[in-house]
>>> print(open('input.txt').read())   # compact mmCIF, C-alpha atoms and all ligand atoms
# COMPACT_ATOMS: atom_id res chain seq x y z
CA MET A 136 8.81 55.38 -14.36
CA ALA A 137 6.40 53.08 -12.43
CA PRO A 138 7.09 49.33 -12.85
CA PRO A 139 4.61 47.53 -15.21
CA ILE A 140 1.59 45.94 -13.51
CA PRO A 141 1.99 42.13 -13.59
CA SER A 142 -0.71 40.09 -15.38
CA PRO A 143 -2.80 37.58 -13.30
CA LYS A 144 -0.70 34.76 -14.81
CA GLU A 145 2.55 36.42 -13.69
CA LEU A 146 1.04 37.05 -10.26
CA ALA A 147 0.08 33.36 -9.90
CA GLN A 148 3.64 32.40 -10.90
CA ILE A 149 5.18 34.34 -7.97
CA PRO A 150 4.30 31.82 -5.17
CA VAL A 151 5.17 28.91 -7.49
CA ASP A 152 8.63 30.41 -8.17
CA TRP A 153 9.02 31.13 -4.45
CA ILE A 154 8.41 27.46 -3.56
CA GLU A 155 10.54 26.17 -6.47
CA GLU A 156 13.53 28.37 -5.57
CA ARG A 157 13.51 27.17 -1.95
CA SER A 158 12.54 23.50 -2.31
CA GLY A 159 12.75 22.31 -5.92
CA LEU A 160 9.30 20.75 -5.36
CA VAL A 161 7.79 22.09 -8.60
CA SER A 162 10.43 20.61 -10.93
CA GLY A 163 10.47 17.52 -8.64
CA HIS A 164 6.78 16.85 -9.27
CA LYS A 165 7.36 17.25 -13.03
CA TYR A 166 10.14 14.64 -12.77
CA LEU A 167 7.67 12.32 -10.98
CA LEU A 168 4.64 12.77 -13.24
CA PHE A 169 5.92 13.73 -16.71
CA ARG A 170 8.06 10.83 -17.82
CA ASN A 171 8.43 9.07 -21.15
CA VAL A 172 6.89 5.60 -21.25
CA PRO A 173 7.09 2.99 -24.02
CA LYS A 174 4.71 3.62 -26.91
CA ASP A 175 2.84 0.31 -26.62
CA ILE A 176 2.01 -0.01 -22.95
CA SER A 177 -1.62 -0.69 -22.05
CA TRP A 178 -4.08 -0.67 -19.14
CA LEU A 179 -2.04 -3.56 -17.66
CA GLN A 180 0.64 -1.04 -16.71
CA THR A 181 -1.86 0.95 -14.63
CA LEU A 182 -2.27 -1.81 -12.02
CA GLY A 183 0.64 -0.38 -9.99
CA SER A 184 -1.03 3.05 -9.87
CA GLY A 185 -4.27 1.27 -8.90
CA LEU A 186 -2.38 -0.20 -5.95
CA ILE A 187 -1.13 3.22 -4.84
CA THR A 188 -4.70 4.58 -5.04
CA THR A 189 -6.04 1.64 -3.03
CA PHE A 190 -3.33 2.11 -0.42
CA LEU A 191 -4.27 5.78 -0.06
CA ILE A 192 -7.98 4.84 0.33
CA GLN A 193 -7.06 2.23 2.96
CA ALA A 194 -4.86 4.72 4.84
CA THR A 195 -7.55 7.44 4.84
CA THR A 196 -10.48 5.19 5.82
CA GLY A 197 -8.24 3.45 8.40
CA VAL A 198 -7.44 6.76 10.12
CA LEU A 199 -11.17 7.60 10.20
CA LEU A 200 -12.03 4.17 11.67
CA ALA A 201 -9.30 4.56 14.31
CA MET A 202 -11.09 7.69 15.59
CA TYR A 203 -13.85 5.40 16.97
CA TYR A 204 -12.24 1.98 17.29
CA GLN A 205 -11.31 0.70 20.77
CA PRO A 206 -8.56 -1.97 20.79
CA THR A 207 -9.77 -3.76 23.97
CA PRO A 208 -11.53 -7.14 24.24
CA ASP A 209 -14.60 -5.46 25.79
CA GLY A 210 -14.68 -2.40 23.54
CA ALA A 211 -13.60 -3.70 20.12
CA PHE A 212 -16.79 -5.33 18.86
CA SER A 213 -19.12 -2.71 20.36
CA SER A 214 -17.02 0.09 18.82
CA ILE A 215 -17.34 -1.67 15.45
CA GLN A 216 -21.13 -1.83 15.98
CA TYR A 217 -21.12 1.88 16.84
CA ILE A 218 -19.15 2.69 13.66
CA THR A 219 -21.55 0.62 11.53
CA ASP A 220 -24.87 1.71 13.02
CA THR A 221 -24.42 5.15 14.60
CA ALA A 222 -21.34 7.13 13.48
CA THR A 223 -21.95 9.47 10.55
CA LEU A 224 -21.22 7.55 7.34
CA GLY A 225 -19.44 4.96 9.49
CA TRP A 226 -21.05 2.09 7.53
CA MET A 227 -19.61 3.54 4.34
CA ILE A 228 -16.11 4.15 5.69
CA ARG A 229 -16.03 0.63 7.17
CA GLY A 230 -17.34 -0.86 3.93
CA MET A 231 -14.74 1.03 1.90
CA HIS A 232 -11.97 -0.23 4.19
CA LYS A 233 -13.22 -3.83 4.10
CA TRP A 234 -13.79 -4.00 0.33
CA GLY A 235 -10.67 -1.91 -0.25
CA SER A 236 -8.60 -4.58 1.48
CA THR A 237 -10.02 -7.23 -0.87
CA MET A 238 -9.33 -5.03 -3.90
CA PHE A 239 -5.80 -4.42 -2.65
CA VAL A 240 -5.04 -8.15 -2.58
CA ILE A 241 -6.69 -8.77 -5.99
CA LEU A 242 -4.76 -5.88 -7.58
CA LEU A 243 -1.56 -7.07 -5.92
CA PHE A 244 -1.89 -10.51 -7.52
CA LEU A 245 -2.81 -9.01 -10.92
CA HIS A 246 0.14 -6.57 -10.82
CA MET A 247 2.54 -9.26 -9.72
CA GLY A 248 1.20 -11.61 -12.40
CA ARG A 249 1.59 -8.95 -15.07
CA VAL A 250 5.22 -8.14 -14.18
CA PHE A 251 6.00 -11.86 -13.97
CA LEU A 252 4.35 -12.85 -17.26
CA MET A 253 5.89 -9.90 -19.13
CA GLY A 254 9.31 -10.70 -17.69
CA SER A 255 9.52 -7.18 -16.23
CA TYR A 256 11.43 -8.51 -13.22
CA LYS A 257 14.52 -9.25 -15.37
CA TYR A 258 17.69 -7.16 -15.57
CA PRO A 259 17.87 -4.33 -14.55
CA ARG A 260 14.61 -4.49 -12.55
CA GLU A 261 15.51 -7.25 -10.07
CA MET A 262 15.44 -4.82 -7.15
CA THR A 263 12.02 -3.54 -8.20
CA TRP A 264 10.80 -7.13 -7.97
CA VAL A 265 12.47 -7.71 -4.58
CA THR A 266 11.00 -4.52 -3.08
CA GLY A 267 7.64 -5.64 -4.55
CA ALA A 268 8.01 -9.04 -2.87
CA VAL A 269 8.57 -7.32 0.49
CA LEU A 270 5.47 -5.20 -0.18
CA PHE A 271 3.54 -8.39 -0.93
CA LEU A 272 4.49 -9.91 2.44
CA MET A 273 3.60 -6.71 4.28
CA VAL A 274 0.18 -6.46 2.59
CA MET A 275 -0.53 -10.11 3.53
CA PHE A 276 0.45 -9.27 7.11
CA MET A 277 -1.98 -6.32 7.04
CA SER A 278 -4.77 -8.75 6.12
CA LEU A 279 -3.85 -11.06 9.00
CA THR A 280 -3.63 -8.31 11.63
CA GLY A 281 -6.73 -6.47 10.36
CA TYR A 282 -8.92 -9.57 10.44
CA LEU A 283 -8.72 -9.91 14.25
CA LEU A 284 -9.70 -6.30 14.95
CA VAL A 285 -13.47 -6.87 14.44
CA PHE A 286 -13.17 -9.25 17.40
CA ASP A 287 -16.25 -11.36 16.78
CA GLN A 288 -16.17 -15.14 17.05
CA ARG A 289 -15.07 -15.59 13.43
CA ALA A 290 -12.23 -13.05 13.73
CA TYR A 291 -11.07 -14.55 17.03
CA TRP A 292 -10.98 -18.19 15.91
CA ALA A 293 -9.55 -17.40 12.46
CA SER A 294 -6.68 -15.53 14.16
CA VAL A 295 -6.11 -18.36 16.66
CA VAL A 296 -5.83 -20.79 13.73
CA ALA A 297 -3.55 -18.42 11.75
CA ILE A 298 -1.24 -17.94 14.76
CA ASN A 299 -1.12 -21.71 15.34
CA ILE A 300 -0.24 -22.30 11.68
CA ASN A 301 2.60 -19.77 12.01
CA GLY A 302 3.66 -21.49 15.22
CA SER A 303 4.07 -24.82 13.41
CA ALA A 304 6.75 -23.42 11.05
CA PRO A 305 10.24 -24.87 11.65
CA ILE A 306 12.71 -23.07 13.96
CA LEU A 307 11.23 -19.55 13.89
CA GLY A 308 7.56 -20.66 14.13
CA PRO A 309 7.22 -20.74 17.95
CA PHE A 310 8.93 -17.33 18.26
CA ILE A 311 6.62 -15.78 15.66
CA ALA A 312 3.55 -17.24 17.40
CA GLU A 313 4.71 -15.98 20.79
CA PHE A 314 5.51 -12.56 19.35
CA LEU A 315 2.02 -12.30 17.83
CA LYS A 316 0.26 -13.53 20.98
CA VAL A 317 2.50 -11.47 23.32
CA GLY A 318 3.29 -14.51 25.46
CA PRO A 319 2.27 -18.15 25.47
CA GLU A 320 -1.51 -17.47 25.52
CA PHE A 321 -3.93 -15.39 23.47
CA SER A 322 -4.82 -12.40 25.70
CA GLN A 323 -5.92 -8.76 25.65
CA HIS A 324 -2.32 -7.86 24.74
CA THR A 325 -2.68 -9.86 21.52
CA LEU A 326 -5.39 -7.46 20.34
CA SER A 327 -3.26 -4.40 21.24
CA ARG A 328 -0.28 -5.89 19.42
CA PHE A 329 -2.29 -6.63 16.28
CA TYR A 330 -3.76 -3.12 16.43
CA SER A 331 -0.37 -1.44 16.75
CA LEU A 332 1.10 -3.55 13.93
CA HIS A 333 -1.93 -2.94 11.72
CA MET A 334 -2.16 0.80 12.44
CA LEU A 335 1.44 1.93 12.71
CA ALA A 336 4.33 -0.45 12.09
CA VAL A 337 3.27 -2.23 8.90
CA PRO A 338 1.66 0.77 7.11
CA GLY A 339 4.87 2.72 7.89
CA GLY A 340 6.90 -0.08 6.29
CA ILE A 341 4.55 -0.22 3.29
CA MET A 342 4.89 3.54 2.78
CA ALA A 343 8.68 3.34 2.90
CA PHE A 344 8.79 0.42 0.46
CA ILE A 345 6.28 2.00 -1.95
CA GLY A 346 8.65 5.03 -1.99
CA LEU A 347 11.63 2.79 -2.77
CA HIS A 348 9.66 0.76 -5.34
CA LEU A 349 8.53 3.93 -7.14
CA TRP A 350 11.98 5.44 -7.07
CA LEU A 351 13.26 2.33 -8.87
CA VAL A 352 10.35 2.43 -11.35
CA ILE A 353 11.10 6.10 -12.13
CA ARG A 354 14.85 5.54 -12.33
CA LEU A 355 14.60 2.53 -14.67
CA GLY A 356 11.43 3.47 -16.58
CA VAL A 357 8.55 1.09 -17.33
CA SER A 358 9.59 -1.90 -19.46
CA SER A 359 8.18 -2.61 -22.94
CA PRO A 360 5.93 -5.65 -23.34
CA PRO A 361 7.77 -8.76 -24.66
CA TRP A 362 5.93 -8.58 -28.01
CA SER A 363 6.80 -4.92 -28.52
CA LYS A 364 8.03 -3.88 -31.98
CA HIS A 365 9.77 -0.95 -30.30
CA ARG A 366 11.38 -3.24 -27.76
CA ALA A 367 14.90 -2.32 -26.80
CA LYS A 368 17.65 -4.37 -28.42
CA ALA A 369 19.64 -6.86 -26.31
CA GLY A 370 21.71 -5.07 -23.69
CA GLU A 371 19.43 -2.02 -23.59
CA VAL A 372 16.69 -1.45 -21.03
C1 LIG B 401 1.73 -2.07 -2.56
C2 LIG B 401 2.18 -2.78 -3.57
C3 LIG B 401 2.73 -2.26 -4.86
C4 LIG B 401 2.66 -1.00 -5.43
C5 LIG B 401 1.95 0.24 -4.87
C6 LIG B 401 3.35 -1.06 -6.71
C7 LIG B 401 3.47 0.00 -7.59
C8 LIG B 401 4.05 -0.07 -8.84
C9 LIG B 401 3.96 0.92 -9.89
C10 LIG B 401 3.20 2.24 -9.80
C11 LIG B 401 4.68 0.47 -10.96
C12 LIG B 401 4.83 1.15 -12.36
C13 LIG B 401 3.60 0.94 -13.23
C14 LIG B 401 3.26 -0.51 -13.47
O1 LIG B 401 4.08 -1.24 -14.03
O2 LIG B 401 2.14 -0.90 -13.07
C15 LIG B 401 5.26 -0.80 -10.58
C16 LIG B 401 6.11 -1.56 -11.37
C17 LIG B 401 6.71 -2.77 -10.97
N1 LIG B 401 6.37 -3.51 -9.87
FE1 LIG B 401 5.10 -2.94 -8.38
N2 LIG B 401 3.87 -2.33 -6.87
C18 LIG B 401 3.50 -3.09 -5.79
C19 LIG B 401 3.75 -4.44 -5.60
C20 LIG B 401 4.59 -5.20 -6.39
C21 LIG B 401 4.85 -6.62 -6.23
C22 LIG B 401 4.18 -7.50 -5.18
C23 LIG B 401 5.78 -6.97 -7.17
C24 LIG B 401 6.42 -8.31 -7.42
C25 LIG B 401 6.77 -9.15 -6.49
C26 LIG B 401 6.09 -5.78 -7.95
C27 LIG B 401 7.01 -5.70 -8.97
C28 LIG B 401 7.12 -4.67 -9.88
C29 LIG B 401 8.03 -4.64 -11.01
C30 LIG B 401 9.06 -5.72 -11.39
C31 LIG B 401 7.77 -3.45 -11.70
C32 LIG B 401 8.47 -2.94 -12.99
C33 LIG B 401 7.54 -3.20 -14.13
C34 LIG B 401 8.04 -2.64 -15.45
O3 LIG B 401 9.05 -1.96 -15.48
O4 LIG B 401 7.39 -2.95 -16.46
N3 LIG B 401 5.32 -4.74 -7.47
N4 LIG B 401 4.85 -1.13 -9.30
>>> encode(input="input.txt", output="structure tokens")
Amino acid sequence: MAPPIPSPKELAQIPVDWIEERSGLVSGHKYLLFRNVPKDISWLQTLGSGLITTFLIQATTGVLLAMYYQPTPDGAFSSIQYITDTATLGWMIRGMHKWGSTMFVILLFLHMGRVFLMGSYKYPREMTWVTGAVLFLMVMFMSLTGYLLVFDQRAYWASVVAININGSAPILGPFIAEFLKVGPEFSQHTLSRFYSLHMLAVPGGIMAFIGLHLWLVIRLGVSSPPWSKHRAKAGEV
């Protein structure tokens, strides 16, 4: 007897089962996205997801900008002008990246404020807080390194001041300043260094730490607000 003809639903299931059997990705994504959360959480608990979305927008628009940007003292500003005035939708991509960076910092402060004020950093979420603090430093460093890349007078002098402020820190200050400048003086290498840090090193670190941060959030679950009636009893999480 001929085997029964599979329905469209069964047919669609075949590649899904194929992937699941070999990688576990299908059940893995359910583990990531379908989790229980406390009954009385609110929009305040979506700030973290807002940060992930903003990071993805920054990464995408940053890659598009890098297709035209030239990290040289002669080419940087003119390539920015080309992106803004000539490249297709360049003005929009640049605007999204610029305003996205502001949103990123605002959301970062709001998210950090919310986890602080709700006491969500307490046991057992100390490591979530520490990985968040590292993320905070890296995002601040992205702002510093990104600011120079426009390479107009404002960007140049703001970066000189920022490097000098870093240089005045005790013990490590001079080393940090020299590392950022690539030597004792501000030069063309400074721009290349800022570009490489802004494009590759720091975003890589941010990605790794977002992964770690989220793994902890998933492992421990989102905390209940302090006023919650369903709040866990002492000793529970
Ligand atoms: C790129 C930066 C960051 C991303 C993408 C991010 C992402 C997230 C997400 C998605 C959550 C779960 C949902 C929520 O509570 O909003 C979360 C929770 C948390 N985050 Fe962040 N976060 C970032 C920065 C920070 C910073 C700067 C801190 C503090 C220094 C921090 C500390 C925490 C803590 C303690 C929790 C647990 C909250 C709870 O269980 O209620 N995060 N984060």
>>> atom_distance(input="input.txt", atom1="CA of Leu242 in chain A", atom2="CA of Ile228 in chain A")
20.1 Å
>>> residues_near_ligand(input="input.txt", ligand="ligand LIG 401 (chain B)", cutoff="6 Å", atoms="all atoms listed in the file", output="ChimeraX atom specification")
/A:180-184,186-187,243,247,250,255-256,260,263-264,267-268,270-271,345,352,357-358
>>> atom_distance(input="input.txt", atom1="CA of Ala290 in chain A", atom2="CA of Phe212 in chain A")
10.3 Å
>>> atom_distance(input="input.txt", atom1="CA of Ala312 in chain A", atom2="CA of Pro338 in chain A")
20.8 Å
>>> residues_near_point(input="input.txt", point="(-3.8, -11.9, 13.6)", cutoff="12 Å", atoms="all atoms listed in the file", output="short mmCIF file (atom, residue, chain, number, x, y, z; two decimals) with C-alpha atoms, in the coordinates of the input")
data_model
loop_
_atom_site.label_atom_id
_atom_site.label_comp_id
_atom_site.auth_asym_id
_atom_site.auth_seq_id
_atom_site.Cartn_x
_atom_site.Cartn_y
_atom_site.Cartn_z
CA MET A 275 -0.53 -10.11 3.53
CA PHE A 276 0.45 -9.27 7.11
CA MET A 277 -1.98 -6.32 7.04
CA SER A 278 -4.77 -8.75 6.12
CA LEU A 279 -3.85 -11.06 9.00
CA THR A 280 -3.63 -8.31 11.63
CA GLY A 281 -6.73 -6.47 10.36
CA TYR A 282 -8.92 -9.57 10.44
CA LEU A 283 -8.72 -9.91 14.25
CA LEU A 284 -9.70 -6.30 14.95
CA VAL A 285 -13.47 -6.87 14.44
CA PHE A 286 -13.17 -9.25 17.40
CA ARG A 289 -15.07 -15.59 13.43
CA ALA A 290 -12.23 -13.05 13.73
CA TYR A 291 -11.07 -14.55 17.03
CA TRP A 292 -10.98 -18.19 15.91
CA ALA A 293 -9.55 -17.40 12.46
CA SER A 294 -6.68 -15.53 14.16
CA VAL A 295 -6.11 -18.36 16.66
CA VAL A 296 -5.83 -20.79 13.73
CA ALA A 297 -3.55 -18.42 11.75
CA ILE A 298 -1.24 -17.94 14.76
CA ASN A 299 -1.12 -21.71 15.34
CA ILE A 300 -0.24 -22.30 11.68
CA ASN A 301 2.60 -19.77 12.01
CA ILE A 311 6.62 -15.78 15.66
CA ALA A 312 3.55 -17.24 17.40
CA GLU A 313 4.71 -15.98 20.79
CA PHE A 314 5.51 -12.56 19.35
CA LEU A 315 2.02 -12.30 17.83
CA LYS A 316 0.26 -13.53 20.98
CA VAL A 317 2.50 -11.47 23.32
CA PHE A 321 -3.93 -15.39 23.47
CA HIS A 324 -2.32 -7.86 24.74
CA THR A 325 -2.68 -9.86 21.52
CA LEU A 326 -5.39 -7.46 20.34
CA SER A 327 -3.26 -4.40 21.24
CA ARG A 328 -0.28 -5.89 19.42
CA PHE A 329 -2.29 -6.63 16.28
CA TYR A 330 -3.76 -3.12 16.43
CA SER A 331 -0.37 -1.44 16.75
CA LEU A 332 1.10 -3.55 13.93
CA HIS A 333 -1.93 -2.94 11.72
#
>>> residues_around(input="input.txt", residues="Gln216 in chain A", least_positions_apart="2", cutoff="12 Å", atoms="all atoms listed in the file", output="JSON list (two decimals) with C-alpha atoms, in the coordinates of the input")
[["chain", "number", "residue", "atom", "x", "y", "z"],
["A", 200, "LEU", "CA", -12.03, 4.17, 11.67],
["A", 203, "TYR", "CA", -13.85, 5.40, 16.97],
["A", 204, "TYR", "CA", -12.24, 1.98, 17.29],
["A", 205, "GLN", "CA", -11.31, 0.70, 20.77],
["A", 210, "GLY", "CA", -14.68, -2.40, 23.54],
["A", 211, "ALA", "CA", -13.60, -3.70, 20.12],
["A", 212, "PHE", "CA", -16.79, -5.33, 18.86],
["A", 213, "SER", "CA", -19.12, -2.71, 20.36],
["A", 214, "SER", "CA", -17.02, 0.09, 18.82],
["A", 218, "ILE", "CA", -19.15, 2.69, 13.66],
["A", 219, "THR", "CA", -21.55, 0.62, 11.53],
["A", 220, "ASP", "CA", -24.87, 1.71, 13.02],
["A", 221, "THR", "CA", -24.42, 5.15, 14.60],
["A", 222, "ALA", "CA", -21.34, 7.13, 13.48],
["A", 225, "GLY", "CA", -19.44, 4.96, 9.49],
["A", 226, "TRP", "CA", -21.05, 2.09, 7.53],
["A", 229, "ARG", "CA", -16.03, 0.63, 7.17],
["A", 285, "VAL", "CA", -13.47, -6.87, 14.44],
["A", 286, "PHE", "CA", -13.17, -9.25, 17.40],
["A", 287, "ASP", "CA", -16.25, -11.36, 16.78]]
>>> closest_residue(input="input.txt", among="A:Gln323, A:Val151, A:Ser363, A:Met253", to="Asp209 in chain A", atoms="only C-alpha atoms")
A:Gln323
>>> axis_aligned_box(input="input.txt", around="range 327-333 of chain A", padding_each_side="5 Å", output="AutoDock Vina command-line options")
--center_x -1.3 --center_y -4.0 --center_z 16.5 --size_x 14.9 --size_y 15.2 --size_z 19.5
>>> closest_residue(input="input.txt", among="A:Val240, A:Ile192, A:Leu224, A:Leu351", to="Leu272 in chain A", atoms="all atoms listed in the file")
A:Val240
>>> decode(input="input.txt", residues="range 191-213 of chain A", atoms="N, CA and C atoms", output="tab-separated table (two decimals), in the first residue's frame")
chain	number	residue	atom	x	y	z
A	191	LEU	N	21.42	46.39	18.20
A	191	LEU	CA	21.33	45.79	16.86
A	191	LEU	C	21.23	46.88	15.79
A	192	ILE	N	20.46	47.96	16.08
A	192	ILE	CA	20.35	49.08	15.13
A	192	ILE	C	21.73	49.73	14.95
A	193	GLN	N	22.44	49.94	16.06
A	193	GLN	CA	23.77	50.56	15.98
A	193	GLN	C	24.73	49.69	15.17
A	194	ALA	N	24.67	48.36	15.41
A	194	ALA	CA	25.58	47.45	14.70
A	194	ALA	C	25.28	47.48	13.20
A	195	THR	N	23.99	47.43	12.84
A	195	THR	CA	23.62	47.40	11.42
A	195	THR	C	23.98	48.71	10.73
A	196	THR	N	23.58	49.85	11.31
A	196	THR	CA	23.87	51.14	10.67
A	196	THR	C	25.38	51.39	10.66
A	197	GLY	N	26.09	50.91	11.69
A	197	GLY	CA	27.54	51.08	11.75
A	197	GLY	C	28.23	50.33	10.61
A	198	VAL	N	27.78	49.11	10.33
A	198	VAL	CA	28.37	48.35	9.22
A	198	VAL	C	28.12	49.09	7.90
A	199	LEU	N	26.91	49.63	7.73
A	199	LEU	CA	26.59	50.36	6.49
A	199	LEU	C	27.47	51.62	6.38
A	200	LEU	N	27.66	52.34	7.48
A	200	LEU	CA	28.50	53.54	7.44
A	200	LEU	C	29.95	53.19	7.10
A	201	ALA	N	30.41	52.04	7.63
A	201	ALA	CA	31.80	51.64	7.40
A	201	ALA	C	32.07	51.33	5.93
A	202	MET	N	31.02	51.08	5.16
A	202	MET	CA	31.20	50.80	3.73
A	202	MET	C	31.69	52.04	2.99
A	203	TYR	N	31.46	53.24	3.56
A	203	TYR	CA	31.88	54.48	2.90
A	203	TYR	C	32.93	55.25	3.69
A	204	TYR	N	32.99	55.01	4.99
A	204	TYR	CA	33.85	55.83	5.85
A	204	TYR	C	35.34	55.55	5.61
A	205	GLN	N	36.15	56.61	5.58
A	205	GLN	CA	37.61	56.44	5.42
A	205	GLN	C	38.32	56.93	6.68
A	206	PRO	N	38.98	56.02	7.43
A	206	PRO	CA	39.59	56.43	8.70
A	206	PRO	C	40.97	57.09	8.52
A	207	THR	N	41.05	58.13	7.68
A	207	THR	CA	42.32	58.86	7.52
A	207	THR	C	42.03	60.34	7.77
A	208	PRO	N	43.04	61.09	8.25
A	208	PRO	CA	42.80	62.51	8.53
A	208	PRO	C	42.29	63.26	7.29
A	209	ASP	N	42.76	62.91	6.10
A	209	ASP	CA	42.31	63.62	4.90
A	209	ASP	C	40.94	63.15	4.42
A	210	GLY	N	40.67	61.84	4.62
A	210	GLY	CA	39.45	61.27	4.05
A	210	GLY	C	38.24	61.27	4.98
A	211	ALA	N	38.47	61.33	6.30
A	211	ALA	CA	37.37	61.09	7.25
A	211	ALA	C	36.21	62.07	7.06
A	212	PHE	N	36.51	63.37	7.14
A	212	PHE	CA	35.41	64.34	7.10
A	212	PHE	C	34.74	64.34	5.73
A	213	SER	N	35.56	64.24	4.64
A	213	SER	CA	34.93	64.26	3.31
A	213	SER	C	34.08	63.00	3.09
